[in-house]
Each structure stands twice: as structure tokens, then as C-alpha cells.
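Chemist: The structure that follows is given in the form of C-alpha cells.
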Amino acid sequence: MTAAERPPSVDKLARSLRDSGLPHALLVDVARAAIADGEPATVAERSAAAAEQLRRTLLTRVVNGTGVLLHTNLGRAPLTEDQSGRAITVEFNLDTGRRGSRQAAVGSLLARLVGAEDAMVVNNNAAAVLLVLTALAAGRDVPVSRGESVEIGGSFRVPEVMEQSGSRLVDVGTTNRTRLADYERAIERNDTDVALIMKIHPSNFRVEGFTEETTINELATITERHGVPVVADIGSGLVDANCPWLPGPPPAWLAGEPAAAQGLADGASLVTFSGDKLFGGPQAGIIAGRADLVVACKRHPLARALRPGGLVLESLQATALAYLDRRAASDIPLWRMIAASLDELEARATAIVEQIPAELATSVISTDALPGAGSAPGVTMPSVGLMLRGDQLERLRLGDVPVIARLRDGQTVIDLRSVDPADDEIIVSSIATLVT
């Protein structure tokens with residue numbers, strides 16, 4: 001075998017790939033695989049390509065230029081990170097020096113924020129619904145409108161979650177019309193043992209035309225007459241329909257979106273919602289409402305399996321404090337995006353275009369951004385973006401810092417409402433590479 005035919009040593013090949021930023025152990029795996037494939041003359045090139053491909057399978061920070069503010073595939077609500085490396089009082093009481101509750105601090109802030117007696121946190125909203133049903137309705141009946149017995153993203157099916165909880169689904173009404181009397185009949189029948197009523201936000205599923213639904217306010221009259229609590233799964237986690245943290249009125253596209261504060265004020269005994277949608281925090285599920293019901297959920301053995309870690313709790317705490325201090329519009333990335341005016345977006349777009357080579361024919365265009373993640377389904381918000389000639393999605397996606405864009409009529413669009421202003425320079429650099 002000549003020197004040209006002899007493969008390099010695994011260690012030497014792995015060390016030649018260290019600029020990829022991957023750990024040496026992974027580079028050894030890449031080198032071994034490349035050598036085993038044969039063709040010694042191209043082993044260096046193939047191993048470099050394999051290392052880059054492996055790097056791209058890892059979680060990677062990207063610029064979201066899709067215009068979908070809560071992009072499920074990109075982590076939903078964007079978060080800022082500021083970790084000191086110190087320990088955190090997840091279950092430690094500074095006053096007593098003894099073990100405390102991981103739910104106490106954040107739970108009290110969330111309760112204050114939405115006007116609840118108590119609140120707790122689990123690892124996502126599906127877990128919140130499962131825990132509530134298991135702790136409060138196992139072995140008993142739960143009426144749900146047929147129009148709300150839905151499947152949402154990730155194959156989350158209401159009937160299947162109820163089955164796992166041990167509660168029994170009682171269908172009431174029809175797909176398009178469910179009245180208060182339908183729930184009343186379910187409670188008053190001799191063959192039912194109703195533990196609670198579930199009111200479920202159907203997310204992206206909508207029925208239009210000849211429709212009727214029963215409001216939380218109407219359902220609360222059943223609680224008054226029969227003592228049956230109403231649990232409202234509002235899903236996307238809008239804190240307050242009035243958006244008091246914004247300088248102006250609530251955005252028009254939020255009209256009709258259920259909110260935690262109003263749900264509880266209207267008589268819901270509990271509300272459940274996501275932390276990483278319109279709440280603007282990390283992935284979490286929040287249960288808020290009557291203290292006795294929340295305590296029952298906290299004490300159930302399933303709560304331990306569903307509890308969040310310190311990183312989630314600390315991030316939720318920062319998010320809740322921003323709301324309470326009326327800093328949400330400036331400190332929560334999602335609400336910064338929502339609050340950005342068209343004039344601001346257009347000024348940014350113009351500044352970007354001025355820095356891009358003329359041959360790329362980049363232009364400023366009007367676009368429609370989306371809330372995303374099932375929040376405010378079917379609505380859009382006006383936005384401003386950049387249009388590039390042709391399909392440039394792959395080249396932008398494979399840049400040093402990936403830029404995720406979308407196609408419109410065969411042209412590439414980068415919507416600036418979903419882009420942090422600090423990333424405008426990255427967009428300029430990424431687009432500039434398209435001329436090479």
C-alpha cells in the first residue's frame with residue numbers, strides 16, 4: 001500500500017477536525033466512520049463534512065425570520081439567558097435555613113399576577129391538565145363540550161389525556177353548539193358522578209357559522225348551584241386581556257383570546273395555561289385558582305414526576321416580575337416583538353437594505369406575521385420584511401449563524417417582527433454571503 005493509499009491515523013484525523021468545536025470523543029467517532037468508508041484520498045474532506053453535519057444536529061441558536069413569533073420548532077417564546085453559575089434556592093428557605101417548597105416563590109407571584117388564591121408550576125400545559133384531572137377527578141365524570149374534545153399539536157388528544165388521568169369523559173352538546181343546559185343535564189343524570197367541568201380552548205380548531213358555546217361566566221353558575229368546579233384550559237397563556245404592560249390598547253388580533261385574569265374573574269375555579277406561548281416564558285404548565293384545588297394538585301404523587309427544575313422556575317420568576325413591574329413590553333422578548341411599530345420595523349429593514357450589495361436586489365416589503373403555537377388562531381399582525389430574489393432558504397439556513405426564512409411566491413422573505421434588532425447585523429452578513 002502506497003502512502004497515498006494508506007488512511008491517516010484516527011487520532012490525527014480527529015485532531016484535524018478540532019475547529020468544528022465538537023468534543024474530541026465525537027470527532028474520533030467521525031474519523032473512524034470516515035476511514036471505514038474507504039477512499040483514503042477523500043477521507044479528510046468526508047470527515048470534515050460529517051463533523052459539520054453532526055454539529056448541525058445539536059441544538060443551535062438561529063435567527064427566526066419566519067414571522068412566526070411563537071415558532072414551535074424553534075422553541076416557541078424566545079428567552080434571554082443570564083446564568084451566574086451559583087446555586088439557587090429551589091427548595092431552600094433563607095429565613096429558616098431549612099427545606100422549603102419549590103412552588104412557593106414562583107407560585108405566589110403567578111397567583112398575584114392573575115388574581116388567583118394560589119398557583120403552581122409543572123413542566124408543560126399537557127402535564128397541568130393531566131395533573132388536575134388525576135388529582136381532582138380520577139374515577140369520576142368530567143363533562144366536556146363535543147366541540148372542545150380536540151386534538152392539538154403533538155398528538156395531544158383530550159379524550160386520551162382524560163383516559164390516562166382515570167377520569168371519565170362525558171360528551172355534552174354537539175360539535176357546533178353546546179348550551180348551559182347540556183352541562184346541567186350531565187350533572188343531574190342519575191348515572192353520572194361529576195367531579196368538575198372542563199372548558200377547553202380548542203387552539204387551531206375552529207367551527208364557524210351556526211355555532212354556540214357556553215362561556216366561563218355561564219358555567220360558573222353551575223358551581224354556585226351544584227358545587228362543581230369549572231376548570232378552564234386557556235392554552236396559550238395570555239395573562240390579562242387588557243395588556244396593561246403595553247403603552248397603548250391591546251393589539252386588535254388578541255380580541256377573543258382567553259386570558260387567565262379574566263377567566264378567574266368570570267368564575268373559573270382553576271385555569272391552566274402554557275408558560276412558553278403568550279406568557280412569553282419557558283416551557284411550563286401553570287395551574288392557578290382556588291387554593292384548596294391547587295393544594296390538592298400539589299399533594300398528589302404525580303406532581304413530583306411533573307415538577308420543573310430550577311432553570312424553569314427562575315425564568316418563570318423573571319417573567320412574572322417583568323409583568324408585575326410593567327416591564328413586559330421591554331424585558332420579555334415576545335412582547336418586544338409584538339410592541340414594535342411598523343415605523344420601527346421599516347426603519348430597520350431600510351437600514352439593512354442599504355448595507356447589502358445592489359446585485360442581490362433586496363427590497364423592503366409589507367408582510368403578515370403570526371402569533372404561532374396555536375395562539376390567536378387564524379389571525380395575523382402587520383409587519384415589515386426583506387425580499388430576496390429566488391429561493392435562498394437553504395443557503396441562509398446553512399450560514400455560520402443560521403437564518404430561518406420563508407418563501408412567498410418563489411421569493412425569499414425575512415420577516416423582521418420575529419427578529420431581535422441585535423440580530424440585524426447577522427442578517428446583513430448572511431445575505432452578503434449570497435453573492436459568493
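Identifiers in the C-alpha cells: chain A, B, ... in order shown; residue index from 1 per chain; ligand index from 1 in order shown.
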Do a neighbour search on Asp141 of chain A at 7 Å with only C-alpha atoms, toss out local chain neighbours closer than 4 positions, and write the hits as a list in words.
Modeler: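 Contacts, in chain order: Ala137, Ser167, Arg168, Leu169, Val170, Thr192, Asp193, Val194 and Ala195 of chain A.
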Chemist: Which neighbours of Ala34 of chain A fall inside 12 Å, counting only C-alpha atoms, when residues of the same chain fewer than 5 positions from it are skipped, and could you give them as a ChimeraX atom specification?
Modeler: /A:7-10,13-14,27-29,39-51
Chemist: How many Å separate atom CA of Pro251 of chain A from atom CA of Ser203 of chain A?
Modeler: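 So the answer is 18.7 Å.
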Chemist: Skip Ala318 of chain A itself and residues of its chain fewer than 3 positions away, then list as number ranges by chain all residues within 12 Å of it, counting only C-alpha atoms.
Modeler: A: 79-82, 105-106, 109-110, 279-282, 311-315, 321-325, 327-328, 331-332
Chemist: Compile the contact shell of Ser366 of chain A as a list in words: residues with an atom at most 10 Å away, counting only C-alpha atoms, same-chain residues fewer than 3 positions apart removed.
Modeler: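 Close residues of Ser366 of chain A: Leu342, Leu345, Glu346, Ala369, Pro382, Ser383, Val384, Gly385, Leu386, Met387 and Asp415 of chain A.
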Chemist: Since we have the selection now, will you write its residues out, keeping N, CA and C atoms, as a compact mmCIF listing (two decimals), in the first residue's frame?
Modeler:
# COMPACT_ATOMS: atom_id res chain seq x y z
N LEU A 342 -44.70 49.57 13.11
CA LEU A 342 -44.35 49.39 11.71
C LEU A 342 -43.26 50.37 11.28
N LEU A 345 -39.96 48.85 12.37
CA LEU A 345 -39.59 47.72 11.52
C LEU A 345 -39.14 48.20 10.13
N GLU A 346 -39.83 49.19 9.59
CA GLU A 346 -39.46 49.69 8.27
C GLU A 346 -38.09 50.37 8.31
N ALA A 369 -47.19 38.86 9.97
CA ALA A 369 -46.62 37.96 10.95
C ALA A 369 -47.73 37.19 11.66
N PRO A 382 -49.75 43.03 11.12
CA PRO A 382 -48.95 43.65 10.06
C PRO A 382 -47.49 43.71 10.45
N SER A 383 -46.63 43.53 9.46
CA SER A 383 -45.19 43.53 9.73
C SER A 383 -44.45 44.03 8.50
N VAL A 384 -43.13 44.05 8.60
CA VAL A 384 -42.26 44.50 7.52
C VAL A 384 -41.13 43.49 7.39
N GLY A 385 -40.75 43.22 6.14
CA GLY A 385 -39.67 42.26 5.93
C GLY A 385 -38.80 42.62 4.76
N LEU A 386 -37.89 41.72 4.45
CA LEU A 386 -36.99 41.85 3.31
C LEU A 386 -37.32 40.76 2.30
N MET A 387 -37.27 41.11 1.02
CA MET A 387 -37.48 40.10 -0.02
C MET A 387 -36.20 39.95 -0.82
N ASP A 415 -38.93 38.10 7.68
CA ASP A 415 -39.85 38.98 8.41
C ASP A 415 -39.14 39.50 9.66
Chemist: Please provide the set of residues having any atom within 12 Å of Ala241 of chain A, restricted to only C-alpha atoms, with same-chain residues fewer than 6 positions apart removed, written as a list in words.
Modeler: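 Close residues of Ala241 of chain A: Val114, Pro249, Pro250, Pro251, Ala252, Trp253, Leu254, Ala255, Gly256, Glu257, Pro258, Ala259, Ala260, Ala261, Gln262, Gly263, Ala265, Leu278 and Phe279 of chain A.
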Chemist: With only C-alpha atoms as the atoms that count, which of A:Ile152, A:Leu54, A:Ala33, A:Ile427 lies nearest to Pro377 of chain A?
Modeler: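 Using only C-alpha atoms, Pro377 of chain A sits closest to A:Ile152.
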Chemist: Can you list, as a list in words, every protein, DNA or RNA residue that comes within 12 Å of His226 of chain A when you count only C-alpha atoms, leaving out same-chain residues fewer than 5 positions away?
Modeler: Tyr183, Glu184, Arg185, Ala186, Ile187, Glu188, Asp193, Val194, Ala195, Leu196, Ile197, Leu219, Ala220 and Thr221 of chain A
Chemist: May I have the selected residues written with N, CA and C atoms, as a compact mmCIF listing (two decimals), in the first residue's frame?
Modeler:
# COMPACT_ATOMS: atom_id res chain seq x y z
N TYR A 183 -74.71 20.91 30.01
CA TYR A 183 -73.90 20.59 31.19
C TYR A 183 -74.80 20.26 32.39
N GLU A 184 -75.87 21.02 32.53
CA GLU A 184 -76.81 20.78 33.64
C GLU A 184 -77.36 19.37 33.59
N ARG A 185 -77.75 18.92 32.40
CA ARG A 185 -78.30 17.58 32.27
C ARG A 185 -77.27 16.52 32.64
N ALA A 186 -76.03 16.75 32.26
CA ALA A 186 -74.98 15.77 32.58
C ALA A 186 -74.79 15.64 34.09
N ILE A 187 -74.92 16.75 34.80
CA ILE A 187 -74.75 16.72 36.26
C ILE A 187 -75.95 16.08 36.94
N GLU A 188 -77.12 16.34 36.43
CA GLU A 188 -78.35 15.89 37.10
C GLU A 188 -78.75 14.47 36.77
N ASP A 193 -71.35 10.94 37.98
CA ASP A 193 -70.76 11.42 39.23
C ASP A 193 -69.74 12.49 38.83
N VAL A 194 -70.22 13.71 38.62
CA VAL A 194 -69.40 14.76 38.03
C VAL A 194 -68.48 15.38 39.07
N ALA A 195 -67.18 15.34 38.76
CA ALA A 195 -66.17 15.92 39.65
C ALA A 195 -65.90 17.37 39.32
N LEU A 196 -65.86 17.68 38.02
CA LEU A 196 -65.59 19.04 37.57
C LEU A 196 -66.02 19.17 36.12
N ILE A 197 -66.11 20.40 35.67
CA ILE A 197 -66.41 20.69 34.26
C ILE A 197 -65.14 21.23 33.62
N LEU A 219 -70.91 28.98 32.96
CA LEU A 219 -70.60 27.73 33.64
C LEU A 219 -70.41 27.93 35.14
N ALA A 220 -69.96 29.11 35.53
CA ALA A 220 -69.75 29.38 36.96
C ALA A 220 -71.05 29.33 37.75
N THR A 221 -72.18 29.52 37.07
CA THR A 221 -73.46 29.41 37.79
C THR A 221 -73.70 27.97 38.23
Chemist: Determine, counting only C-alpha atoms, which protein, DNA and RNA residues have an atom within 10 Å of an atom of Asp276 of chain A; residues of the same chain fewer than 5 positions away are not included. Present the result as a list in words.
Modeler: Leu70, Thr72, Gly75, Arg76, Ala77, Pro78, Leu79, Asn124, Asn125, Ser236, Gly237, Gly281, Pro282, Gln283, Ala284, Gly285, Leu316, Leu334 and Ala373 of chain A
Chemist: For the residues selected in the previous step, produce a file with C-alpha atoms as a compact mmCIF listing (two decimals), in the first residue's frame.
Modeler:
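For reference, again_23.txt as written:
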# COMPACT_ATOMS: atom_id res chain seq x y z
CA LEU A 70 -44.00 31.56 18.72
CA THR A 72 -42.88 25.61 17.94
CA GLY A 75 -38.60 26.77 20.87
CA ARG A 76 -41.72 28.97 20.94
CA ALA A 77 -41.19 32.08 23.10
CA PRO A 78 -37.60 33.30 22.74
CA LEU A 79 -35.75 33.71 26.02
CA ASN A 124 -45.89 21.83 30.33
CA ASN A 125 -49.58 22.54 29.89
CA SER A 236 -51.77 29.96 25.21
CA GLY A 237 -51.32 31.82 28.47
CA GLY A 281 -41.53 32.46 29.34
CA PRO A 282 -40.00 28.98 29.31
CA GLN A 283 -41.82 25.72 28.58
CA ALA A 284 -44.03 25.11 31.61
CA GLY A 285 -47.60 24.43 32.62
CA LEU A 316 -40.71 32.00 35.11
CA LEU A 334 -42.05 38.11 22.76
CA ALA A 373 -48.19 27.90 18.57
Chemist: How many Å lie between atom CA of Ala127 of chain A and atom CA of Ser145 of chain A, rounded to one decimal?
Modeler: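 Separating atom CA of Ala127 of chain A from atom CA of Ser145 of chain A is a distance of 20.7 Å.
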Chemist: So, with only C-alpha atoms as the atoms that count, which of A:Ala376, A:Val419, A:Leu302, A:Ile216 lies closest to Leu133 of chain A?
Modeler: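 Of the candidates, the smallest distance to Leu133 of chain A is held by A:Leu302.
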Chemist: Out of A:Asp420, A:Ser101, A:Gly374, A:Met337, which residue has the shortest atom-to-atom distance to Leu69 of chain A when counting only C-alpha atoms?
Modeler: A:Met337
Chemist: Kindly give the distance, in Å, that separates atom CA of Cys243 of chain A and atom CA of Ala119 of chain A, rounded to a single decimal.
Modeler: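 If I compute the distance from atom CA of Cys243 of chain A to atom CA of Ala119 of chain A, I get 20.4 Å.
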Chemist: Hey, which of A:Ala128, A:Val428, A:Val294, A:Leu264 ends up closest to Leu360 of chain A? Count only C-alpha atoms.
Modeler: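 Among the listed residues, the smallest separation from Leu360 of chain A belongs to A:Val428.
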